[in-house]
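Engineer: Provided herewith: run.cif, mmCIF, C-alpha atoms.
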```
data_coords
loop_
_atom_site.group_PDB
_atom_site.id
_atom_site.type_symbol
_atom_site.label_atom_id
_atom_site.label_comp_id
_atom_site.auth_asym_id
_atom_site.auth_seq_id
_atom_site.Cartn_x
_atom_site.Cartn_y
_atom_site.Cartn_z
ATOM 1 C CA MET A 1 16.542 15.513 -16.081
ATOM 2 C CA THR A 2 13.284 17.016 -17.292
ATOM 3 C CA PRO A 3 11.715 19.625 -15.037
ATOM 4 C CA PRO A 4 9.926 17.872 -12.155
ATOM 5 C CA ARG A 5 6.195 18.038 -11.625
ATOM 6 C CA PRO A 6 4.879 20.088 -8.676
ATOM 7 C CA CYS A 7 5.154 18.532 -5.231
ATOM 8 C CA PRO A 8 2.212 16.179 -4.575
ATOM 9 C CA ALA A 9 2.103 17.240 -0.908
ATOM 10 C CA CYS A 10 2.251 21.041 -1.062
ATOM 11 C CA SER A 11 2.181 21.878 -4.820
ATOM 12 C CA GLY A 12 5.554 23.584 -4.460
ATOM 13 C CA ALA A 13 7.540 24.077 -7.639
ATOM 14 C CA ARG A 14 11.040 24.084 -6.156
ATOM 15 C CA ALA A 15 12.581 20.605 -6.250
ATOM 16 C CA ALA A 16 16.148 19.370 -5.868
ATOM 17 C CA PRO A 17 17.395 16.114 -7.377
ATOM 18 C CA LEU A 18 18.092 13.330 -4.866
ATOM 19 C CA PHE A 19 18.842 10.217 -6.945
ATOM 20 C CA VAL A 20 17.673 8.046 -9.828
ATOM 21 C CA LYS A 21 15.914 4.735 -9.098
ATOM 22 C CA ASP A 22 14.962 2.327 -11.905
ATOM 23 C CA GLY A 23 15.070 5.171 -14.419
ATOM 24 C CA HIS A 24 12.884 7.483 -12.319
ATOM 25 C CA ASP A 25 14.228 10.781 -11.006
ATOM 26 C CA ILE A 26 13.563 11.143 -7.282
ATOM 27 C CA VAL A 27 13.474 14.752 -6.119
ATOM 28 C CA GLU A 28 12.937 16.575 -2.839
ATOM 29 C CA CYS A 29 10.578 19.503 -2.481
ATOM 30 C CA ARG A 30 12.513 22.503 -1.184
ATOM 31 C CA ASP A 31 9.346 23.904 0.379
ATOM 32 C CA CYS A 32 8.107 20.956 2.480
ATOM 33 C CA GLY A 33 10.818 18.269 2.229
ATOM 34 C CA THR A 34 8.670 15.612 0.545
ATOM 35 C CA ALA A 35 10.618 13.211 -1.672
ATOM 36 C CA TYR A 36 8.747 12.085 -4.782
ATOM 37 C CA VAL A 37 9.049 10.798 -8.344
ATOM 38 C CA ALA A 38 9.653 13.787 -10.590
ATOM 39 C CA GLN A 39 7.960 12.452 -13.703
ATOM 40 C CA ASP A 40 4.243 12.675 -14.385
ATOM 41 C CA PRO A 41 2.555 9.557 -12.933
ATOM 42 C CA ALA A 42 0.384 9.328 -16.057
ATOM 43 C CA THR A 43 3.503 8.212 -17.952
ATOM 44 C CA ILE A 44 4.175 5.239 -15.625
ATOM 45 C CA ASP A 45 2.644 1.836 -16.422
ATOM 46 C CA PHE A 46 1.886 0.702 -12.863
ATOM 47 C CA GLN A 47 0.284 -2.590 -13.937
ATOM 48 C CA ALA A 48 3.503 -3.551 -15.718
ATOM 49 C CA LEU A 49 5.632 -2.318 -12.816
ATOM 50 C CA TYR A 50 3.707 -4.392 -10.233
ATOM 51 C CA GLY A 51 3.319 -7.532 -12.324
ATOM 52 C CA GLU A 52 4.160 -11.108 -11.393
ATOM 53 C CA SER A 53 7.939 -10.643 -11.598
ATOM 54 C CA TYR A 54 7.732 -7.915 -8.923
ATOM 55 C CA TYR A 55 6.554 -10.577 -6.439
ATOM 56 C CA THR A 56 8.147 -13.797 -7.647
ATOM 57 C CA GLY A 57 11.761 -12.972 -8.421
ATOM 58 C CA GLY A 58 11.559 -12.390 -12.162
ATOM 59 C CA SER A 59 14.164 -10.453 -14.091
ATOM 60 C CA ASP A 60 12.872 -7.037 -12.969
ATOM 61 C CA ALA A 61 12.011 -8.201 -9.458
ATOM 62 C CA VAL A 62 12.059 -6.026 -6.393
ATOM 63 C CA PHE A 63 11.575 -9.023 -4.114
ATOM 64 C CA ALA A 64 13.719 -12.140 -4.438
ATOM 65 C CA ASP A 65 10.586 -14.232 -3.894
ATOM 66 C CA TYR A 66 7.826 -12.411 -1.995
ATOM 67 C CA VAL A 67 5.239 -15.187 -2.229
ATOM 68 C CA GLY A 68 7.874 -17.846 -1.532
ATOM 69 C CA GLN A 69 8.559 -16.083 1.767
ATOM 70 C CA GLU A 70 4.941 -16.427 2.904
ATOM 71 C CA ALA A 71 5.768 -17.836 6.359
ATOM 72 C CA ALA A 72 8.151 -14.967 7.146
ATOM 73 C CA ARG A 73 5.744 -12.375 5.741
ATOM 74 C CA ARG A 74 2.886 -13.783 7.830
ATOM 75 C CA ALA A 75 5.090 -13.641 10.949
ATOM 76 C CA GLN A 76 5.805 -9.990 10.151
ATOM 77 C CA ALA A 77 2.057 -9.435 9.656
ATOM 78 C CA ARG A 78 1.331 -10.914 13.084
ATOM 79 C CA ARG A 79 3.817 -8.443 14.637
ATOM 80 C CA LYS A 80 2.086 -5.538 12.874
ATOM 81 C CA LEU A 81 -1.285 -6.806 14.024
ATOM 82 C CA TRP A 82 -0.057 -7.044 17.617
ATOM 83 C CA LEU A 83 1.204 -3.452 17.428
ATOM 84 C CA LEU A 84 -2.155 -2.244 16.109
ATOM 85 C CA ARG A 85 -4.009 -3.957 18.932
ATOM 86 C CA HIS A 86 -1.682 -3.248 21.872
ATOM 87 C CA LEU A 87 0.314 -0.031 21.468
ATOM 88 C CA PRO A 88 -1.254 3.386 22.029
ATOM 89 C CA PRO A 89 -3.384 4.620 20.573
ATOM 90 C CA ARG A 90 -5.174 1.305 20.888
ATOM 91 C CA LEU A 91 -7.323 0.603 17.888
ATOM 92 C CA PRO A 92 -10.509 -1.438 17.893
ATOM 93 C CA ARG A 93 -9.876 -5.105 18.676
ATOM 94 C CA SER A 94 -12.649 -6.174 16.300
ATOM 95 C CA GLY A 95 -14.663 -4.685 13.461
ATOM 96 C CA ARG A 96 -13.847 -3.997 9.836
ATOM 97 C CA LEU A 97 -10.252 -3.614 8.644
ATOM 98 C CA LEU A 98 -9.255 -2.383 5.194
ATOM 99 C CA ASP A 99 -5.697 -2.958 3.972
ATOM 100 C CA VAL A 100 -4.820 -0.701 1.052
ATOM 101 C CA GLY A 101 -1.969 -2.047 -1.052
ATOM 102 C CA CYS A 102 -2.470 -5.506 0.432
ATOM 103 C CA ALA A 103 -0.146 -7.243 -2.089
ATOM 104 C CA ALA A 104 -0.646 -11.024 -1.912
ATOM 105 C CA GLY A 105 -2.817 -10.677 1.206
ATOM 106 C CA PHE A 106 -0.586 -12.082 3.932
ATOM 107 C CA PHE A 107 -1.467 -9.322 6.433
ATOM 108 C CA LEU A 108 -5.185 -9.755 5.677
ATOM 109 C CA ALA A 109 -4.892 -13.520 6.108
ATOM 110 C CA GLU A 110 -3.566 -12.974 9.635
ATOM 111 C CA ALA A 111 -5.923 -10.102 10.482
ATOM 112 C CA LYS A 112 -9.050 -12.083 9.595
ATOM 113 C CA ALA A 113 -8.678 -13.940 12.907
ATOM 114 C CA CYS A 114 -9.669 -10.660 14.624
ATOM 115 C CA TYR A 115 -11.372 -8.531 11.999
ATOM 116 C CA GLU A 116 -13.731 -8.632 9.053
ATOM 117 C CA VAL A 117 -11.160 -7.883 6.349
ATOM 118 C CA GLN A 118 -11.161 -6.233 2.944
ATOM 119 C CA GLY A 119 -8.205 -5.502 0.689
ATOM 120 C CA VAL A 120 -7.450 -3.201 -2.210
ATOM 121 C CA GLU A 121 -4.449 -3.890 -4.440
ATOM 122 C CA LEU A 122 -3.300 -2.218 -7.644
ATOM 123 C CA SER A 123 -1.472 -5.284 -8.944
ATOM 124 C CA ALA A 124 -3.790 -7.591 -10.876
ATOM 125 C CA TRP A 125 -1.408 -10.493 -10.279
ATOM 126 C CA SER A 126 -1.100 -10.163 -6.506
ATOM 127 C CA SER A 127 -4.771 -9.313 -5.935
ATOM 128 C CA ALA A 128 -5.708 -12.474 -7.876
ATOM 129 C CA TYR A 129 -3.240 -14.423 -5.723
ATOM 130 C CA ALA A 130 -4.912 -13.119 -2.545
ATOM 131 C CA ARG A 131 -8.394 -13.975 -3.851
ATOM 132 C CA ASP A 132 -7.633 -17.313 -5.510
ATOM 133 C CA ARG A 133 -5.061 -18.818 -3.161
ATOM 134 C CA LEU A 134 -5.998 -17.267 0.162
ATOM 135 C CA GLY A 135 -9.739 -16.751 -0.365
ATOM 136 C CA LEU A 136 -9.600 -13.081 0.599
ATOM 137 C CA PRO A 137 -11.943 -10.284 -0.497
ATOM 138 C CA VAL A 138 -9.555 -8.103 -2.490
ATOM 139 C CA VAL A 139 -10.515 -5.486 -5.072
ATOM 140 C CA THR A 140 -8.074 -4.895 -7.928
ATOM 141 C CA GLY A 141 -7.339 -1.213 -8.496
ATOM 142 C CA THR A 142 -6.806 1.913 -6.457
ATOM 143 C CA LEU A 143 -8.728 2.775 -3.315
ATOM 144 C CA GLN A 144 -10.588 5.442 -5.257
ATOM 145 C CA GLN A 145 -11.552 2.935 -7.973
ATOM 146 C CA ALA A 146 -12.817 0.470 -5.351
ATOM 147 C CA ALA A 147 -15.634 2.927 -4.483
ATOM 148 C CA LEU A 148 -16.108 1.496 -0.995
ATOM 149 C CA PRO A 149 -18.876 2.828 1.265
ATOM 150 C CA ALA A 150 -18.258 5.905 3.394
ATOM 151 C CA ALA A 151 -17.599 5.551 7.138
ATOM 152 C CA HIS A 152 -17.490 1.757 6.800
ATOM 153 C CA PHE A 153 -14.129 0.666 8.268
ATOM 154 C CA ASP A 154 -12.849 0.764 11.833
ATOM 155 C CA ILE A 155 -9.204 0.541 10.729
ATOM 156 C CA VAL A 156 -7.488 1.403 7.446
ATOM 157 C CA THR A 157 -3.881 0.286 6.963
ATOM 158 C CA LEU A 158 -1.453 1.274 4.218
ATOM 159 C CA TRP A 159 1.659 -0.827 4.946
ATOM 160 C CA ASP A 160 4.537 0.182 2.643
ATOM 161 C CA VAL A 161 2.183 2.064 0.329
ATOM 162 C CA ILE A 162 2.636 5.840 0.513
ATOM 163 C CA GLU A 163 6.091 5.758 -1.062
ATOM 164 C CA HIS A 164 4.601 3.991 -4.117
ATOM 165 C CA VAL A 165 1.716 6.413 -4.665
ATOM 166 C CA PRO A 166 2.186 9.157 -7.268
ATOM 167 C CA ASP A 167 -0.156 11.580 -5.469
ATOM 168 C CA PRO A 168 -0.815 10.618 -1.822
ATOM 169 C CA VAL A 169 -3.249 13.407 -0.931
ATOM 170 C CA PRO A 170 -6.287 11.973 -2.796
ATOM 171 C CA LEU A 171 -5.463 8.507 -1.440
ATOM 172 C CA LEU A 172 -5.395 9.760 2.149
ATOM 173 C CA ALA A 173 -8.618 11.731 1.600
ATOM 174 C CA GLU A 174 -10.317 8.557 0.343
ATOM 175 C CA ALA A 175 -8.947 6.559 3.285
ATOM 176 C CA ALA A 176 -10.429 9.161 5.627
ATOM 177 C CA ARG A 177 -13.759 8.984 3.776
ATOM 178 C CA VAL A 178 -14.119 5.191 4.213
ATOM 179 C CA LEU A 179 -12.946 5.297 7.845
ATOM 180 C CA LYS A 180 -15.605 5.566 10.551
ATOM 181 C CA PRO A 181 -15.553 8.838 12.507
ATOM 182 C CA GLY A 182 -13.483 8.703 15.680
#
```
Could the structure of this file be written out as structure tokens, please?

Structural biologist:
Amino acid sequence: MTPPRPCPACSGARAAPLFVKDGHDIVECRDCGTAYVAQDPATIDFQALYGESYYTGGSDAVFADYVGQEAARRAQARRKLWLLRHLPPRLPRSGRLLDVGCAAGFFLAEAKACYEVQGVELSAWSSAYARDRLGLPVVTGTLQQAALPAAHFDIVTLWDVIEHVPDPVPLLAEAARVLKPG
């Protein structure tokens, strides 16, 4: 294993190996406990990683058939939406909702019954799916690249996203920037 990069959460330089996943060394920061990919994110081709096969069951698939499981994924989205609207702290029951890492848009498709929705998705394939098949407003790229207006959204969600982000601190800072105060 090559020496790991500094911890993306605390910049600590003391990391212990945890395991290897898909050729990537996963390490744990000995200072703060954050687990992260040891290699420099600049060396990872994220567009190739999150291509069509990632969602449709291709040879390098993570999901057996993510888009083929639309009904089940929408049911899961409705449960998440219910939690957002009913469990403390109760979030606004209307307004603007941004879903970062929205994949094929199934959560957004359900949330648009209650909110004005917007999505951001790194994968060109899945963001096109959300736009073309579901008619959703989804920007392809990172949240930072989307350059959305400040203090614009009432709710920002990042379902199953943080563990995929090479450096979560700038992402969370940008999420806070586009979120309305309070």

Engineer: Quick one: everything within 10 Å of Tyr129 (chain A), counting only C-alpha atoms, minus sequence neighbours fewer than 3 positions away in the same chain. Send it as JSON, numbers by chain.

Structural biologist: {"A": [52, 67, 103, 104, 105, 123, 124, 125, 126, 132, 133, 134, 135, 136, 138]}

Engineer: Output C-alpha atoms for every residue in the selection just made, as a JSON list (two decimals), keeping the file's coordinate frame.

Structural biologist:
```json
[["chain", "number", "residue", "atom", "x", "y", "z"],
["A", 52, "GLU", "CA", 4.16, -11.11, -11.39],
["A", 67, "VAL", "CA", 5.24, -15.19, -2.23],
["A", 103, "ALA", "CA", -0.15, -7.24, -2.09],
["A", 104, "ALA", "CA", -0.65, -11.02, -1.91],
["A", 105, "GLY", "CA", -2.82, -10.68, 1.21],
["A", 123, "SER", "CA", -1.47, -5.28, -8.94],
["A", 124, "ALA", "CA", -3.79, -7.59, -10.88],
["A", 125, "TRP", "CA", -1.41, -10.49, -10.28],
["A", 126, "SER", "CA", -1.10, -10.16, -6.51],
["A", 132, "ASP", "CA", -7.63, -17.31, -5.51],
["A", 133, "ARG", "CA", -5.06, -18.82, -3.16],
["A", 134, "LEU", "CA", -6.00, -17.27, 0.16],
["A", 135, "GLY", "CA", -9.74, -16.75, -0.36],
["A", 136, "LEU", "CA", -9.60, -13.08, 0.60],
["A", 138, "VAL", "CA", -9.56, -8.10, -2.49]]
```

Engineer: Between A:Cys29, A:Ala176, A:Tyr66, A:Glu110, which is the closest to Lys80 (chain A) once you count all atoms listed in the file?

Structural biologist: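 Nearest to Lys80 (chain A): A:Glu110.
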
Engineer: Step by step: start from the point (13.6, 14.9, -19.3) in the file's coordinates, keep every protein, DNA or RNA residue that has an atom no farther than 10 Å from it, count all atoms listed in the file, and write the set as a list in words.

Structural biologist: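 Using all atoms listed in the file, the matching residues come out as Met1, Thr2, Pro3, Pro4, Asp25, Ala38 and Gln39 of chain A.
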
Engineer: Applying the PyMOL selection byres ((chain A and resi 177-180) around 9) to the file I just gave you, which residues come out? Please list them as a PyMOL selection string.

Structural biologist: chain A and resi 98+148-156+172-176+181-182

Engineer: Could you write out as a ChimeraX atom specification the residues that the PyMOL selection byres ((chain A and resi 42-45) around 12) matches in the shown file?

Structural biologist: /A:5,22-24,37-41,46-51,122-123,164-167

Engineer: Could you jot down the CA of Cys102 (chain A) to CA of Gly119 (chain A) separation for me, Å, one decimal place?

Structural biologist: 5.7 Å

Engineer: CA of Thr56 (chain A) and CA of Asp99 (chain A), how far apart in Å?

Structural biologist: 21.1 Å

Engineer: Do you have the CA of Pro170 (chain A)-CA of Pro137 (chain A) distance handy?

Structural biologist: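 That distance, rounded to one decimal, is 23.1 Å.
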
Engineer: I want to know what sits within 7 Å of Gly101 (chain A), based on only C-alpha atoms, with residues of the same chain fewer than 6 positions away left out; could you give that as a PDB file with C-alpha atoms, in the coordinates of the input?

Structural biologist:
```
ATOM      1  CA  VAL A 120      -7.450  -3.201  -2.210  1.00  0.00           C
ATOM      2  CA  GLU A 121      -4.449  -3.890  -4.440  1.00  0.00           C
ATOM      3  CA  LEU A 122      -3.300  -2.218  -7.644  1.00  0.00           C
ATOM      4  CA  LEU A 158      -1.453   1.274   4.218  1.00  0.00           C
ATOM      5  CA  VAL A 161       2.183   2.064   0.329  1.00  0.00           C
TER       6      VAL A 161
END
```

Engineer: Do you know which residues are at most 12 Å from Arg14 (chain A) counting all atoms listed in the file, after dropping those on the same chain fewer than 3 positions away, and could you put them as JSON, numbers by chain?

Structural biologist: {"A": [3, 4, 5, 6, 7, 8, 10, 11, 17, 27, 28, 29, 30, 31, 32, 33, 34, 35, 38]}

Engineer: Only C-alpha atoms, please: the residues just picked out, written as an mmCIF file, in the frame of the given file.

Structural biologist:
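For reference, again_12.cif as written:
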```
data_model
loop_
_atom_site.group_PDB
_atom_site.id
_atom_site.type_symbol
_atom_site.label_atom_id
_atom_site.label_comp_id
_atom_site.auth_asym_id
_atom_site.auth_seq_id
_atom_site.Cartn_x
_atom_site.Cartn_y
_atom_site.Cartn_z
ATOM 1 C CA PRO A 3 11.715 19.625 -15.037
ATOM 2 C CA PRO A 4 9.926 17.872 -12.155
ATOM 3 C CA ARG A 5 6.195 18.038 -11.625
ATOM 4 C CA PRO A 6 4.879 20.088 -8.676
ATOM 5 C CA CYS A 7 5.154 18.532 -5.231
ATOM 6 C CA PRO A 8 2.212 16.179 -4.575
ATOM 7 C CA CYS A 10 2.251 21.041 -1.062
ATOM 8 C CA SER A 11 2.181 21.878 -4.820
ATOM 9 C CA PRO A 17 17.395 16.114 -7.377
ATOM 10 C CA VAL A 27 13.474 14.752 -6.119
ATOM 11 C CA GLU A 28 12.937 16.575 -2.839
ATOM 12 C CA CYS A 29 10.578 19.503 -2.481
ATOM 13 C CA ARG A 30 12.513 22.503 -1.184
ATOM 14 C CA ASP A 31 9.346 23.904 0.379
ATOM 15 C CA CYS A 32 8.107 20.956 2.480
ATOM 16 C CA GLY A 33 10.818 18.269 2.229
ATOM 17 C CA THR A 34 8.670 15.612 0.545
ATOM 18 C CA ALA A 35 10.618 13.211 -1.672
ATOM 19 C CA ALA A 38 9.653 13.787 -10.590
#
```

Engineer: I need the residue nearest Val169 (chain A) from this list: A:Ile26, A:Val139, A:Ala72, A:Ala9. Use only C-alpha atoms for the distance.

Structural biologist: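 Of A:Ile26, A:Val139, A:Ala72, A:Ala9, the one nearest Val169 (chain A) is A:Ala9, counting only C-alpha atoms.
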
Engineer: Just checking: using only C-alpha atoms, which residue out of A:Gln69, A:Phe19, A:Val117, A:Val100 ends up closest to Ile162 (chain A)?

Structural biologist: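 Nearest to Ile162 (chain A): A:Val100.
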
Engineer: Which residue out of A:Leu171, A:Thr157, A:Ala15, A:Glu116 has the minimum interatomic distance to Leu84 (chain A) when only C-alpha atoms are used?

Structural biologist: A:Thr157

Engineer: Padding 3 Å on each side, edges along x, y and z: where is the centre of the box around the listed atoms of region 164-167 of chain A, and how long are its edges in Å to one decimal? Output it as AutoDock Vina command-line options.

Structural biologist:
```
--center_x 2.2 --center_y 7.8 --center_z -5.7 --size_x 10.8 --size_y 13.6 --size_z 9.2
```

Engineer: Reconstruct all heavy atoms of region 149-160 of chain A; output as a PDB file, in the coordinates of the input.

Structural biologist:
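Done, and the output landed in part-v2.pdb:
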```pdb
ATOM      1  N   PRO A 149     -17.929   1.940   0.572  1.00  0.00           N
ATOM      2  CA  PRO A 149     -18.876   2.828   1.265  1.00  0.00           C
ATOM      3  C   PRO A 149     -18.191   3.761   2.272  1.00  0.00           C
ATOM      4  O   PRO A 149     -17.183   3.411   2.875  1.00  0.00           O
ATOM      5  CB  PRO A 149     -19.832   1.866   1.974  1.00  0.00           C
ATOM      6  CG  PRO A 149     -19.182   0.531   1.949  1.00  0.00           C
ATOM      7  CD  PRO A 149     -18.163   0.528   0.867  1.00  0.00           C
ATOM      8  N   ALA A 150     -18.775   4.919   2.445  1.00  0.00           N
ATOM      9  CA  ALA A 150     -18.258   5.905   3.394  1.00  0.00           C
ATOM     10  C   ALA A 150     -18.444   5.415   4.825  1.00  0.00           C
ATOM     11  O   ALA A 150     -19.391   4.683   5.124  1.00  0.00           O
ATOM     12  CB  ALA A 150     -18.972   7.239   3.201  1.00  0.00           C
ATOM     13  N   ALA A 151     -17.520   5.814   5.692  1.00  0.00           N
ATOM     14  CA  ALA A 151     -17.599   5.551   7.138  1.00  0.00           C
ATOM     15  C   ALA A 151     -17.872   4.076   7.428  1.00  0.00           C
ATOM     16  O   ALA A 151     -18.663   3.738   8.304  1.00  0.00           O
ATOM     17  CB  ALA A 151     -18.660   6.448   7.780  1.00  0.00           C
ATOM     18  N   HIS A 152     -17.208   3.193   6.728  1.00  0.00           N
ATOM     19  CA  HIS A 152     -17.490   1.757   6.800  1.00  0.00           C
ATOM     20  C   HIS A 152     -16.459   0.973   7.619  1.00  0.00           C
ATOM     21  O   HIS A 152     -16.790  -0.048   8.207  1.00  0.00           O
ATOM     22  CB  HIS A 152     -17.562   1.195   5.381  1.00  0.00           C
ATOM     23  CG  HIS A 152     -17.980  -0.228   5.289  1.00  0.00           C
ATOM     24  ND1 HIS A 152     -19.270  -0.641   5.522  1.00  0.00           N
ATOM     25  CD2 HIS A 152     -17.282  -1.345   4.988  1.00  0.00           C
ATOM     26  CE1 HIS A 152     -19.346  -1.942   5.367  1.00  0.00           C
ATOM     27  NE2 HIS A 152     -18.154  -2.402   5.048  1.00  0.00           N
ATOM     28  N   PHE A 153     -15.212   1.438   7.655  1.00  0.00           N
ATOM     29  CA  PHE A 153     -14.129   0.666   8.268  1.00  0.00           C
ATOM     30  C   PHE A 153     -13.697   1.255   9.603  1.00  0.00           C
ATOM     31  O   PHE A 153     -13.644   2.463   9.776  1.00  0.00           O
ATOM     32  CB  PHE A 153     -12.934   0.575   7.312  1.00  0.00           C
ATOM     33  CG  PHE A 153     -13.248  -0.198   6.068  1.00  0.00           C
ATOM     34  CD1 PHE A 153     -13.643   0.451   4.917  1.00  0.00           C
ATOM     35  CD2 PHE A 153     -13.179  -1.581   6.061  1.00  0.00           C
ATOM     36  CE1 PHE A 153     -13.960  -0.263   3.776  1.00  0.00           C
ATOM     37  CE2 PHE A 153     -13.497  -2.305   4.927  1.00  0.00           C
ATOM     38  CZ  PHE A 153     -13.891  -1.645   3.779  1.00  0.00           C
ATOM     39  N   ASP A 154     -13.355   0.353  10.526  1.00  0.00           N
ATOM     40  CA  ASP A 154     -12.849   0.764  11.833  1.00  0.00           C
ATOM     41  C   ASP A 154     -11.354   1.060  11.787  1.00  0.00           C
ATOM     42  O   ASP A 154     -10.856   1.871  12.564  1.00  0.00           O
ATOM     43  CB  ASP A 154     -13.106  -0.355  12.860  1.00  0.00           C
ATOM     44  CG  ASP A 154     -14.582  -0.646  12.992  1.00  0.00           C
ATOM     45  OD1 ASP A 154     -15.289   0.194  13.585  1.00  0.00           O
ATOM     46  OD2 ASP A 154     -15.041  -1.683  12.489  1.00  0.00           O
ATOM     47  N   ILE A 155     -10.651   0.378  10.887  1.00  0.00           N
ATOM     48  CA  ILE A 155      -9.204   0.541  10.729  1.00  0.00           C
ATOM     49  C   ILE A 155      -8.885   0.517   9.243  1.00  0.00           C
ATOM     50  O   ILE A 155      -9.409  -0.321   8.497  1.00  0.00           O
ATOM     51  CB  ILE A 155      -8.429  -0.597  11.424  1.00  0.00           C
ATOM     52  CG1 ILE A 155      -8.703  -0.608  12.930  1.00  0.00           C
ATOM     53  CG2 ILE A 155      -6.921  -0.488  11.153  1.00  0.00           C
ATOM     54  CD1 ILE A 155      -8.102  -1.794  13.661  1.00  0.00           C
ATOM     55  N   VAL A 156      -8.021   1.421   8.808  1.00  0.00           N
ATOM     56  CA  VAL A 156      -7.488   1.403   7.446  1.00  0.00           C
ATOM     57  C   VAL A 156      -5.973   1.379   7.567  1.00  0.00           C
ATOM     58  O   VAL A 156      -5.387   2.237   8.228  1.00  0.00           O
ATOM     59  CB  VAL A 156      -7.935   2.630   6.623  1.00  0.00           C
ATOM     60  CG1 VAL A 156      -7.292   2.615   5.241  1.00  0.00           C
ATOM     61  CG2 VAL A 156      -9.455   2.686   6.504  1.00  0.00           C
ATOM     62  N   THR A 157      -5.347   0.371   6.964  1.00  0.00           N
ATOM     63  CA  THR A 157      -3.881   0.286   6.963  1.00  0.00           C
ATOM     64  C   THR A 157      -3.361   0.510   5.555  1.00  0.00           C
ATOM     65  O   THR A 157      -4.033   0.203   4.568  1.00  0.00           O
ATOM     66  CB  THR A 157      -3.395  -1.077   7.499  1.00  0.00           C
ATOM     67  OG1 THR A 157      -3.924  -2.116   6.672  1.00  0.00           O
ATOM     68  CG2 THR A 157      -3.809  -1.293   8.937  1.00  0.00           C
ATOM     69  N   LEU A 158      -2.161   1.051   5.481  1.00  0.00           N
ATOM     70  CA  LEU A 158      -1.453   1.274   4.218  1.00  0.00           C
ATOM     71  C   LEU A 158       0.005   0.908   4.449  1.00  0.00           C
ATOM     72  O   LEU A 158       0.882   1.765   4.489  1.00  0.00           O
ATOM     73  CB  LEU A 158      -1.553   2.741   3.779  1.00  0.00           C
ATOM     74  CG  LEU A 158      -2.941   3.275   3.470  1.00  0.00           C
ATOM     75  CD1 LEU A 158      -3.518   4.066   4.612  1.00  0.00           C
ATOM     76  CD2 LEU A 158      -2.887   4.111   2.212  1.00  0.00           C
ATOM     77  N   TRP A 159       0.291  -0.381   4.658  1.00  0.00           N
ATOM     78  CA  TRP A 159       1.659  -0.827   4.946  1.00  0.00           C
ATOM     79  C   TRP A 159       2.512  -0.702   3.690  1.00  0.00           C
ATOM     80  O   TRP A 159       2.198  -1.289   2.660  1.00  0.00           O
ATOM     81  CB  TRP A 159       1.670  -2.289   5.410  1.00  0.00           C
ATOM     82  CG  TRP A 159       0.818  -2.574   6.607  1.00  0.00           C
ATOM     83  CD1 TRP A 159      -0.322  -3.307   6.627  1.00  0.00           C
ATOM     84  CD2 TRP A 159       1.046  -2.162   7.954  1.00  0.00           C
ATOM     85  NE1 TRP A 159      -0.824  -3.372   7.898  1.00  0.00           N
ATOM     86  CE2 TRP A 159      -0.001  -2.676   8.745  1.00  0.00           C
ATOM     87  CE3 TRP A 159       2.036  -1.404   8.576  1.00  0.00           C
ATOM     88  CZ2 TRP A 159      -0.091  -2.470  10.117  1.00  0.00           C
ATOM     89  CZ3 TRP A 159       1.944  -1.193   9.941  1.00  0.00           C
ATOM     90  CH2 TRP A 159       0.905  -1.721  10.690  1.00  0.00           C
ATOM     91  N   ASP A 160       3.587   0.036   3.760  1.00  0.00           N
ATOM     92  CA  ASP A 160       4.537   0.182   2.643  1.00  0.00           C
ATOM     93  C   ASP A 160       3.840   0.625   1.358  1.00  0.00           C
ATOM     94  O   ASP A 160       4.078   0.086   0.282  1.00  0.00           O
ATOM     95  CB  ASP A 160       5.291  -1.138   2.405  1.00  0.00           C
ATOM     96  CG  ASP A 160       6.014  -1.613   3.653  1.00  0.00           C
ATOM     97  OD1 ASP A 160       6.677  -0.776   4.295  1.00  0.00           O
ATOM     98  OD2 ASP A 160       5.900  -2.802   3.991  1.00  0.00           O
TER      99      ASP A 160
END
```
